[in-house]
Amino acid sequence: MTQKPIEPAGQGGPTSPNTAGRPPGPIRRALRENNVRVGLIIFSLIVLVAIFAPMIAPYDPQERLRTADGELARLLPPQRDYWMGTTNFGRDILSQFIVGTRRTLSVGAIAAFMAVFIGTNVGLIAGFRGGRVDNLLMRTTDAAYALPFLPFAIVLVGIVGRTDLILIAVIGLLFWRTTARVIRSQVLTTKERTFVKAAIAGGASPRRVLYAHIAPNVVALALVYGMLLIAEAVMAEASLSFLGFAPPDSLSWGTIMFDAFTSQRMRQAWWWPMFPGLALMVFMYSVYSVGQGVQRALRHMDTPNIGPSTRRVRRALKRSVSVPVAGDPPDALVAVENLAVTYQPRTPEEQPVPAVKDISFRLDAGQMLGIVGESGSGKTTAVRALLRLLPPTAEVSGGMWFEGRDLYRIGDSELRALRWEHLAFVPQSAMNSLNPVQRVENQIIEAIRVHRDVTRAQAKEMCATALQQVGINPARGRLYPHQYSGGMRQRALIAMAKVLEPTLLVADEPTTGLDVVVQDQIMADLERVREELGTAITIVSHDLALVSETCSSLIVMRDGDVVEAGPTDRVVSDPRDPYTRMLLSSAHGAPAGTHGSTGA
Amino acid sequence: MTQYLTKRLSVMLFTLWIVVTVTFFLFRAVPGDPSLVLIGPEIEASAADSIRESFGLDRSLGVQYWSYLTNAVQGDLGMSFRYRVPVSRVLTEKLANTAVLVLPAMLIAFGLGALLGSYTAVRPNSRVDRFITQFFLSVKSAPSFWIATMALVTFSLWLGLTPSGGMTTPGAPRIEGLERFFTADVLSHLILPLVILAAIFTVEPLLTMRTSMTEILNDDFVEFGHAKGFSRSRITLHAARNSLLPMVSLIPSIAGHLIAGSVIIEIVFSWPGMGREIVDAVNRFDYPMMQGTFMAIAALAIMVNAFADILYTYLDPRVRLT
Amino acid sequence: MNLLTKKPRWARWVAYIAVFALIAAACGDDDEPAPTAAPTTAAPTTEAPATTEAPMEEAEELRPVPTLRIITKTAAEGPPRYEQARLIAESWTAAGIPAEIEPVESSELGRRGFTVKDFDVYIIIYDPTTDRLDPENFLARFTTGKAVIDGSNLSGYTNPAYDDLYQAQVNATSFEERVAAVHDMQQLLFDHQPVAPFIHIVIGGAYNSADWTNFVKSVGTPVYHFWNAISLTPVGDPEPLVIGVTSGADTLNPVVAATSEAAGTIAHMYDPLLRIGPDGDLVNWAASDYSISGSTVSVTVRDGMTFHDGEAVTGADVAFTFNYLVEKESPLYGGRLGPVESVTADGNNVEITLSAPNAAFATTALAQVPILPEHVWSAIDDPSSFANEEPVGSGPFKFESRALGEDLRLTAHTDHFSPPAASGLVWVTFGSLDGLLAAIETQEIDVLGDFVSLTQLALLEGVEGVSIESNTGHGVNALHYNMRREPFCDLHMRIALSHLVPTEDMIDIVYEGVAAVSKGIIAPPLWANPDVGPVPYDPDAARSHLEAAGYVFGDDGTLYYPPSDADNRDMSFCASS
């Protein structure tokens with residue numbers, strides 16, 4: 001599965017948090033984004049304004065200014081002396097804004113600190129302890145967030161009076177959910193890491209493990225959420241101030257806007273609420289950008305695999321595929337000539353990865369081909385290339401023909417028509433390949449009705465027959481995939497694959513993770529499909545012994561290269577490559593029951 | 001399922017009881033005597049006693065709590081200081097008005113969010129994607145009261161396109177019953193606050209949908225859909241259906257945010273709903289009203305939470321049996 | 001991170017505690033500013049004897065006058081009041097009398113002022129409500145009887161001479177007699193300055209003149225008043241008059257009503273016996289005739305009047321109402337009927353016996369108290385739990401419907417002896433004054449129902465179809481000095497402080513030039529004493545008053561109380577604290 005992104009930092013990661021060269025954490029990954037950097041710069045600028053406010057402010061924010069001719073500087077639009085204009089009592093809005101930044105930020109920061117403090121600890125404990133504690137804490141978290149902030153704050157103001165304490169307490173009490181959530185999931189991954197396990201094995205107390213070993217790893221993340229919460233708190237403060245619930249004599253962006261609104265001069269003095277509002281917007285936007293960036297980084301967001309559009313395939317073809325100019329297409333059912341696949345890097349720092357270097361084979365109706373290799377050998381990539389299921393970053397070259405058609409020269413609709421009807425696929429992970437929220441029989445029926453113009457009843461009957469043939473009681477088609485056992489899922493996939501009687505069936509690791517009895521049943525099912533329908537079958541597996549039982553020919557791959565190819569009997573009896581020999585000996589040497597029990 | 005339902009509902013009732021109790025004692029913790037706030041240049045202090053008596057403030061805390069609890073169960077939340085009518089009567093009226101604003105806003109926010117979220121997830125980092133996400137992100141970044149007031153000034157005062165506030169044209173004949181919400185007049189008053197409220201709250205469903213859709217588009221079953229020869233639109237639909245699950249868990253927080261957001265919108269647009277009522281109640285020290293409104297909102301939040309949980313189990317067969 | 005991991009456990013807890021302490025400290029700071037030199041506990045400064053002032057020879061330690069604190073509404077709740085308090089504090093400080101403002105929320109303001117008298121100086125804006133058209137409301141606020149701790153005599157002024165005059169004007173039997181007493185009382189208030197009135201706001205009003213004619217100009221509020229409600233006539237088809245307000249009547253129950261909004265609304269549905277006419281004089285209303293002779297008031301109820309439910313209005317209803325409102329302790333009307341000893345009714349004739357002659361009774365009671373239908377209220381024992389959701393009165397408008405906090409609709413009572421020209425009356429409640437002003441601009445409403453200063457209507461000027469009217473209000477902006485406290489008990493200090501109220505500046509800055517300088521607490525023209533006031537802004541006069549009283553100006557800006565040998569302070573008329 002080389003085309004899958006690197007797994008999240010932490011899982012199977014290095015043994016110490018300080019080891020150089022570990023995959024960059026979410027923060028560092030996020031920092032690569034431009035809008036995250038810009039957001040951080042704006043945030044820091046505003047913090048600087050708050051710190052140096054008294055030095056920067058051109059006037060005393062409470063001073064009633066007078067113009068050169070002694071008149072009160074009432075409601076002057078922005079101009080040289082008053083960059084943001086003046087208020088109805090002749091005060092300089094810029095000065096109010098600058099000085100107000102202090103309160104705005106400090107209230108926000110204290111409140112956010114409270115929330116992050118609670119959130120981080122809840123997240124740490126919930127994630128670390130798990131079980132009932134986790135359940136209870138997370139339920140509380142949900143409940144806390146469901147309480148609407150403003151009404152809660154307003155009512156508290158009504159009871160206690162107008163103080164910042166309310167704001168801080170309410171934000172502290174209600175806004176920690178997100179932090180708790182994120183920290184918890186970070187802890188869940190961190191606690192699996194070796195250095196944590198080592199610490200536990202070394203007899204450290206749980207509290208020590210939690211705070212000394214795990215906590216430092218989530219501090220940076222907590223900081224980011226702290227920043228997000230500062231923004232939330234600033235907005236909350238502004239909203240409360242706008243409703244007139246700011247403490248007396250306070251000056252913040254919110255109170256400037258409140259003053260503007262209560263002055264009834266809004267239409268005349270557009271500049272009064274405009275600048276604090278804009279500043280708030282820019283501030284929030286920059287913080288959200290940072291938050292978005294970090295969340296993206298946390299999720300390792302990828303380009304989705306909606307499948308290459310025709311346009312993209314054409315572009316890719318133009319770029320890379322060099323089809324042999326041999327006049328007539330090969331007459332075999334499947335012909336693969338000199339297939340090579342290279343994954344192009346996503347970022348400039350990475351190197352292109354050659355997944356398949358050169359593979360050629362032919363397959364006729366009724367034949368069964370096994371492609372064998374360890375994980376990373378390129379076997380899956382090779383058959384996916386054949387199925388045209390590679391992500392857009394894969395560069396494919398070579399020629400591939402199916403039923404005399406050049407697979408990389410046909411359009412999307414032609415390919416769609418070919419798929420399933422002629423070209424069926426049993427993917428590796430049956431659990432994930434079935435739609436988890438759709439009943440199994442509906443999935444099969446849908447596949448039928450997309451390709452065949454049959455009534456639902458007819459399709460249902462076809463489905464029932466197919467299920468019956470792989471040994472599943474058709475009544476159980478009403479169930480959802482998660483209610484199936486692993487073997488049943490795999491068989492359901494085979495039923496789905498054979499229901500339209502395809503000419504080629506590609507099965508990718510069909511037996512992985514199943515016990516021996518089930519493995520044999522699956523192989524028998526496939527064998528029956530070949531016999532009954534004359535379907536050509538390609539099985540990709542790491543288990544040489546298993547495929548050699550059913551397949552007529554074998555290809556052994558290693559690091560993208562074909563090391564051995566030929567009829568099964570010959571390969572098994574007279575392996576030419578030492579790697580094949582090694583695979584064979586390990587298969588023979590091991591007790592029969594364990595083959596296939598290792599994951600891909 | 002029934003077992004889960006009873007369990008979830010009993011948890012809900014328990015939470016409600018806690019909220020009622022906490023609210024009661026919170027309000028009894030008011031420093032000083034609530035009746036005193038009514039004394040001012042207009043009323044003399046001698047009137048305080050009769051006010052205290054009429055609101056039962058002269059009885060012991062335990063008696064007050066018990067009668068409060070039993071009354072609350074029967075939907076009696078006491079008498080409003082200000083209106084001198086039962087709080088519950090005011091609340092039902094206000095709640096209906098808020099619902100007219102909030103429910104459509106919620107539907108639009110989720111509908112539009114789901115639509116745009118899946119649309120942008122299919123075209124990641126395209127110009128359209130960037131425009132849509134950035135637009136809604138900046139709407140959310142701006143203070144709601146600021147946007148609302150700017151919109152009010154622009155559309156109502158400068159352009160004269162919309163009314164300046166309220167739910168109906170002042171002086172228009174009053175219609176009783178539910179029909180009163182479905183007139184052209186109410187619609188014309190509703191449109192601007194609704195659009196603003198919906199725009200502010202579209203961003204979260206949008207981003208959630210976009211994220212979960214992006215993740216789901218990377219799922220094996222999507223690729224398998226290609227292998228099955230499904231069209232892109234069919235696959236997108238499947239992915240969208242599966243991406244809706246995280247959206248369900250978003251319902252409680254969005255509902256909470258919307259109720260909070262509607263406070264501001266109601267104030268700016270003079271919409272006669274719960275949000276405005278709670279601000280009025282605080283400004284006029286109408287403690288029973290504050291208490292009632294707050295409890296109603298908290299109860300609503302708790303119920304929405306339970307509803308979302310139940311909906312989630314209904315929509316996701318994987319958790320249905322656990 | 002390695003450092004972190006090596007720290008012992010206790011270090012972490014220390015860090016946590018430190019952080020919490022920080023938060024607490026920060027909150028404390030934001031919450032309440034550290035009290036600056038608590039006025040009453042401030043120890044005599046050691047620097048004082050070292051000052052260059054001459055009278056220091058006997059080494060008597062001078063007591064500094066504490067920083068004066070003006071309590072006011074917060075800037076959020078009342079920007080104009082807050083700003084005026086600021087200007088005054090700045091002016092006092094500049095003149096060498098340290099002062100600062102203390103903004104508190106209105107509930108706390110009410111408590112500190114009206115229930116516990118915990119303030120130095122209280123800045124107040126008395127709204128021009130109808131009942132304040134009679135001077136009684138203001139004058140009673142300085143009588144000894146109201147100087148109790150929870151009384152309305154904020155200043156704590158106790159002067160027997162004043163009390164006598166008050167009684168004299170109450171018991172006056174002729175108008176002239178009452179005017180004379182009222183004038184004398186104003187002179188006393190001017191001489192003794194328990195209160196410093198400084199501004200009469202110019203009240204603005206606006207109405208939709210494109211659709212309504214027959215505007216009536218009245219004393220008090222310029223547009224929104226009873227006379228316009230019945231007089232304004234739609235230009236086109238009959239339609240209801242729509243009044244926009246930011247806070248509507250909270251209750252329609254006259255017995256429990258406590259706000260001026262409620263009183264104003266109720267007055268349209270219920271008829272009093274008399275009304276204060278547009279020019280401020282009493283006119284007969286539900287009474288076709290009345291006469292006062294000594295402590296006997298005779299009233300004849302107008303013939304043919306009916307309540308909205310069709311029942312006739314009789315003298316018995318009047319008698320019942322008066323007894324009922326007193327018995328049920330109505331906050332708005334119970335006190336007004338206090339002087340009543342007994343009421344008897346015979347057909348349409350009502351005879352009211354007062355405990356003593358009372359000149360103001362007609363204005364304060366007969367022109368205010370609504371006549372309740374006996375057949376409705378006699379069945380109601382506990383009016384406080386009665387919402388009176390569908391009021392039955394006899395007024396020119398009858399109740400139609402009400403959506404709480406949204407609107408109240410009345411229709412014309414066409415059988416009334418003075419039927420309104422509009423087909424009805426609608427009060428619409430708006431969320432903000434901004435919304436209200438927008439609605440009058442777009443003519444969604446017909447009448448602006450809030451008290452606003454004319455300055456706030458500047459934006460409506462020139463809007464077609466909207467007429468702006470204004471009256472110099474009979475309300476007043478004033479400072480109450482708390483005479484129960486030391487510096488304010490001294491007459492010279494009060495006069496000096498009054499001299500330092502920068503009235504002109506306040507009018508310029510806060511009211512943008514549109515307000516009247518107040519000469520006394522009673523606004524002209526009706527009852528004001530033309531020979532009284534104002535106290536001009538005059539820092540020199542203020543300083544000489546203080547120096548004459550013996551106060552010492554320190555070099556460092558501190559003001560000191562007079563030394564015992566040169567103490568010329570005048571500490572009369574102060575209530576004990």
# chains A, B, ... in the order shown; residues from 1 in each chain; ligands from 1
>>> residues_around(residues="Trp83 (chain A)", least_positions_apart="6", cutoff="12 Å", atoms="only C-alpha atoms", output="list in words")
Ala57, Pro58, Tyr59, Leu76, Pro77, Arg91, Asp92, Ile93, Leu94, Ser95, Gln96, Phe97, Ile98, Trp271, Trp272 and Phe275 of chain A
>>> write_last_selection(atoms="C-alpha atoms", output="mmCIF file, in the first residue's frame")
data_model
loop_
_atom_site.group_PDB
_atom_site.id
_atom_site.type_symbol
_atom_site.label_atom_id
_atom_site.label_comp_id
_atom_site.auth_asym_id
_atom_site.auth_seq_id
_atom_site.Cartn_x
_atom_site.Cartn_y
_atom_site.Cartn_z
ATOM 1 C CA ALA A 57 -1.622 55.484 20.917
ATOM 2 C CA PRO A 58 -1.468 59.032 19.525
ATOM 3 C CA TYR A 59 -3.869 60.468 22.127
ATOM 4 C CA LEU A 76 -14.700 63.650 12.208
ATOM 5 C CA PRO A 77 -14.190 61.091 9.447
ATOM 6 C CA ARG A 91 -12.346 61.066 21.150
ATOM 7 C CA ASP A 92 -9.796 59.546 18.836
ATOM 8 C CA ILE A 93 -10.999 56.127 17.730
ATOM 9 C CA LEU A 94 -7.523 54.915 16.782
ATOM 10 C CA SER A 95 -6.280 55.579 20.308
ATOM 11 C CA GLN A 96 -9.314 53.872 21.773
ATOM 12 C CA PHE A 97 -8.727 50.997 19.437
ATOM 13 C CA ILE A 98 -5.070 50.620 20.361
ATOM 14 C CA TRP A 271 -16.065 54.754 10.424
ATOM 15 C CA TRP A 272 -16.817 54.413 14.093
ATOM 16 C CA PHE A 275 -12.549 49.749 12.007
#
>>> interface_residues(of="chain A", to="chain C", cutoff="10 Å", atoms="only C-alpha atoms", output="MDAnalysis selection string")
chainID A and resid 17:18 62 64 71:74 88:90 103 106:107 110:111 113:114 117 161:166 168 207:209 211:217 219 241:250 255 258:259 261:268
>>> interface_residues(of="chain C", to="chain B", cutoff="8 Å", atoms="only C-alpha atoms", output="ChimeraX atom specification")
/C:107-108,110-111,114-115,150-152,240-242,250-251,258-260,329,331-332,384-387,404-406,426,428,430-432,435,438-439,442,444-445
>>> write_last_selection(atoms="C-alpha atoms", output="short mmCIF file (atom, residue, chain, number, x, y, z; two decimals), in the first residue's frame")
data_model
loop_
_atom_site.label_atom_id
_atom_site.label_comp_id
_atom_site.auth_asym_id
_atom_site.auth_seq_id
_atom_site.Cartn_x
_atom_site.Cartn_y
_atom_site.Cartn_z
CA SER C 107 -29.83 48.47 39.84
CA GLU C 108 -26.87 49.19 42.06
CA GLY C 110 -30.88 52.66 42.58
CA ARG C 111 -29.90 50.68 45.65
CA PHE C 114 -32.68 55.19 47.07
CA THR C 115 -32.35 52.41 49.61
CA ASP C 150 -34.78 54.50 52.17
CA GLY C 151 -36.64 57.68 51.30
CA SER C 152 -36.59 59.75 48.16
CA PRO C 240 -54.56 52.92 13.73
CA LEU C 241 -51.84 55.22 15.00
CA VAL C 242 -48.63 53.22 15.45
CA ASP C 250 -44.86 45.81 31.32
CA THR C 251 -48.32 45.32 32.73
CA ALA C 258 -45.06 50.64 38.68
CA THR C 259 -43.49 52.25 35.64
CA SER C 260 -44.21 55.41 33.73
CA GLU C 329 -51.17 49.50 48.02
CA PRO C 331 -47.33 51.52 43.79
CA LEU C 332 -48.32 54.18 41.30
CA SER C 384 -50.97 41.10 42.18
CA SER C 385 -51.70 37.68 40.71
CA PHE C 386 -54.25 39.07 38.29
CA ALA C 387 -52.73 39.86 34.91
CA LEU C 404 -45.97 40.41 25.17
CA GLY C 405 -42.89 42.43 24.42
CA GLU C 406 -44.02 42.88 20.83
CA VAL C 426 -50.75 50.28 18.43
CA VAL C 428 -44.78 48.38 18.89
CA PHE C 430 -38.34 47.75 19.25
CA GLY C 431 -35.08 46.16 20.29
CA SER C 432 -33.07 49.34 20.12
CA GLY C 435 -34.22 50.42 15.13
CA ALA C 438 -34.97 53.80 11.48
CA ALA C 439 -38.63 52.82 11.67
CA THR C 442 -39.04 54.73 6.90
CA GLU C 444 -43.17 52.11 9.45
CA ILE C 445 -44.30 53.73 12.66
#
>>> atom_distance(atom1="CA of Asn71 (chain B)", atom2="CA of Met12 (chain B)")
19.1 Å
>>> closest_atom_pairs(of="chain A", to="chain B", cutoff="8 Å", atoms="only C-alpha atoms", output="Markdown table")
| residue | atom | partner | partner_atom | distance |
| --- | --- | --- | --- | --- |
| A:Ala143 | CA | B:Ile302 | CA | 7.1 |
| A:Tyr145 | CA | B:Ser253 | CA | 6.1 |
| A:Ala146 | CA | B:Ser253 | CA | 5.2 |
| A:Leu147 | CA | B:Ala301 | CA | 5.9 |
| A:Pro148 | CA | B:Gly256 | CA | 4.3 |
| A:Phe149 | CA | B:Ala260 | CA | 6.1 |
| A:Leu150 | CA | B:Ala260 | CA | 5.0 |
| A:Pro151 | CA | B:Ala260 | CA | 6.2 |
| A:Phe152 | CA | B:Phe294 | CA | 6.9 |
| A:Ile154 | CA | B:Val279 | CA | 6.9 |
| A:Val155 | CA | B:Met290 | CA | 6.4 |
| A:Val157 | CA | B:Val282 | CA | 7.8 |
| A:Gly158 | CA | B:Val282 | CA | 4.9 |
| A:Ile159 | CA | B:Val30 | CA | 5.6 |
| A:Val160 | CA | B:Val30 | CA | 6.7 |
| A:Met235 | CA | B:Pro143 | CA | 6.8 |
| A:Ala238 | CA | B:Pro143 | CA | 7.8 |
| A:Ser239 | CA | B:Phe145 | CA | 7.3 |
| A:Phe242 | CA | B:Phe145 | CA | 7.5 |
| A:Leu243 | CA | B:Ile264 | CA | 7.6 |
| A:Arg267 | CA | B:Val153 | CA | 6.9 |
| A:Pro273 | CA | B:Trp146 | CA | 7.7 |
| A:Gly277 | CA | B:Trp146 | CA | 6.3 |
| A:Leu278 | CA | B:Ala142 | CA | 7.2 |
| A:Leu280 | CA | B:Ala142 | CA | 6.6 |
| A:Met281 | CA | B:Ala142 | CA | 4.2 |
| A:Val282 | CA | B:Ser141 | CA | 7.3 |
| A:Phe283 | CA | B:Ser141 | CA | 7.8 |
| A:Met284 | CA | B:Ser141 | CA | 4.9 |
| A:Tyr285 | CA | B:Ser141 | CA | 5.1 |
| A:Tyr288 | CA | B:Ser141 | CA | 7.7 |
| A:Met301 | CA | B:Thr214 | CA | 7.4 |
| A:Asp302 | CA | B:Thr214 | CA | 7.4 |
| A:Thr303 | CA | B:Pro124 | CA | 6.7 |
| A:Pro304 | CA | B:Asn218 | CA | 5.3 |
| A:Asn305 | CA | B:Asn218 | CA | 5.1 |
| A:Ile306 | CA | B:Leu217 | CA | 6.0 |
| A:Gly307 | CA | B:His226 | CA | 7.0 |
| A:Leu387 | CA | B:Ala227 | CA | 7.2 |
| A:Leu389 | CA | B:Glu223 | CA | 7.2 |
| A:Leu415 | CA | B:Gly229 | CA | 7.4 |
| A:Arg416 | CA | B:Gly229 | CA | 4.2 |
| A:Ala417 | CA | B:Gly229 | CA | 6.5 |
| A:Leu418 | CA | B:Gly229 | CA | 7.5 |
| A:Arg419 | CA | B:Gly229 | CA | 4.9 |
| A:Trp420 | CA | B:Lys228 | CA | 5.1 |
| A:Ala424 | CA | B:Lys228 | CA | 7.1 |
| A:Phe425 | CA | B:Ala227 | CA | 6.5 |
| A:Pro427 | CA | B:Phe224 | CA | 7.2 |
| A:Ser429 | CA | B:Asp220 | CA | 7.5 |
| A:Asn432 | CA | B:Asp220 | CA | 5.4 |
| A:Ser433 | CA | B:Phe221 | CA | 3.7 |
| A:Leu434 | CA | B:Phe221 | CA | 5.4 |
| A:Asn435 | CA | B:Phe221 | CA | 5.8 |
| A:Pro436 | CA | B:Arg318 | CA | 7.4 |
| A:Val437 | CA | B:Pro317 | CA | 6.0 |
| A:Ala447 | CA | B:Lys228 | CA | 6.5 |
| A:Val450 | CA | B:Phe230 | CA | 6.9 |
| A:Tyr480 | CA | B:Pro317 | CA | 7.1 |
| A:His482 | CA | B:Arg318 | CA | 6.4 |
>>> atom_distance(atom1="CA of Glu261 (chain C)", atom2="CA of Arg141 (chain C)")
21.7 Å
>>> select_by_dssp(residues="region 63-191 of chain A", states="strand (DSSP E or B)", output="list of chain:residue names")
A:Arg66, A:Leu72, A:Thr86, A:Asp92
>>> select_by_dssp(residues="region 398-600 of chain A", states="alpha helix (DSSP H)", output="JSON, numbers by chain")
{"A": [412, 413, 414, 415, 416, 417, 418, 430, 431, 432, 433, 440, 441, 442, 443, 444, 445, 446, 447, 448, 449, 450, 451, 456, 457, 458, 459, 460, 461, 462, 463, 464, 465, 466, 467, 468, 469, 486, 487, 488, 489, 490, 491, 492, 493, 494, 495, 496, 497, 498, 516, 517, 518, 519, 520, 521, 522, 523, 524, 525, 526, 527, 528, 529, 530, 531, 532, 533, 544, 545, 546, 547, 548, 549, 550, 568, 569, 570, 571, 572, 573, 578, 579, 580, 581, 582, 583, 584, 585, 586, 587, 588, 589]}
>>> atom_distance(atom1="CA of Val299 (chain C)", atom2="CA of Glu351 (chain C)")
6.4 Å
>>> residues_around(residues="region 223-233 of chain C", least_positions_apart="2", cutoff="7 Å", atoms="only C-alpha atoms", output="number ranges by chain")
C: 205-206, 212-216, 221, 235, 268, 278, 419-422, 447-449, 469
>>> residues_around(residues="Met523 (chain A)", least_positions_apart="4", cutoff="12 Å", atoms="only C-alpha atoms", output="PyMOL selection string")
chain A and resi 368+370+470+487+490-491+494+507+509-512+514+516-519+527-530+537-539+541+546-551
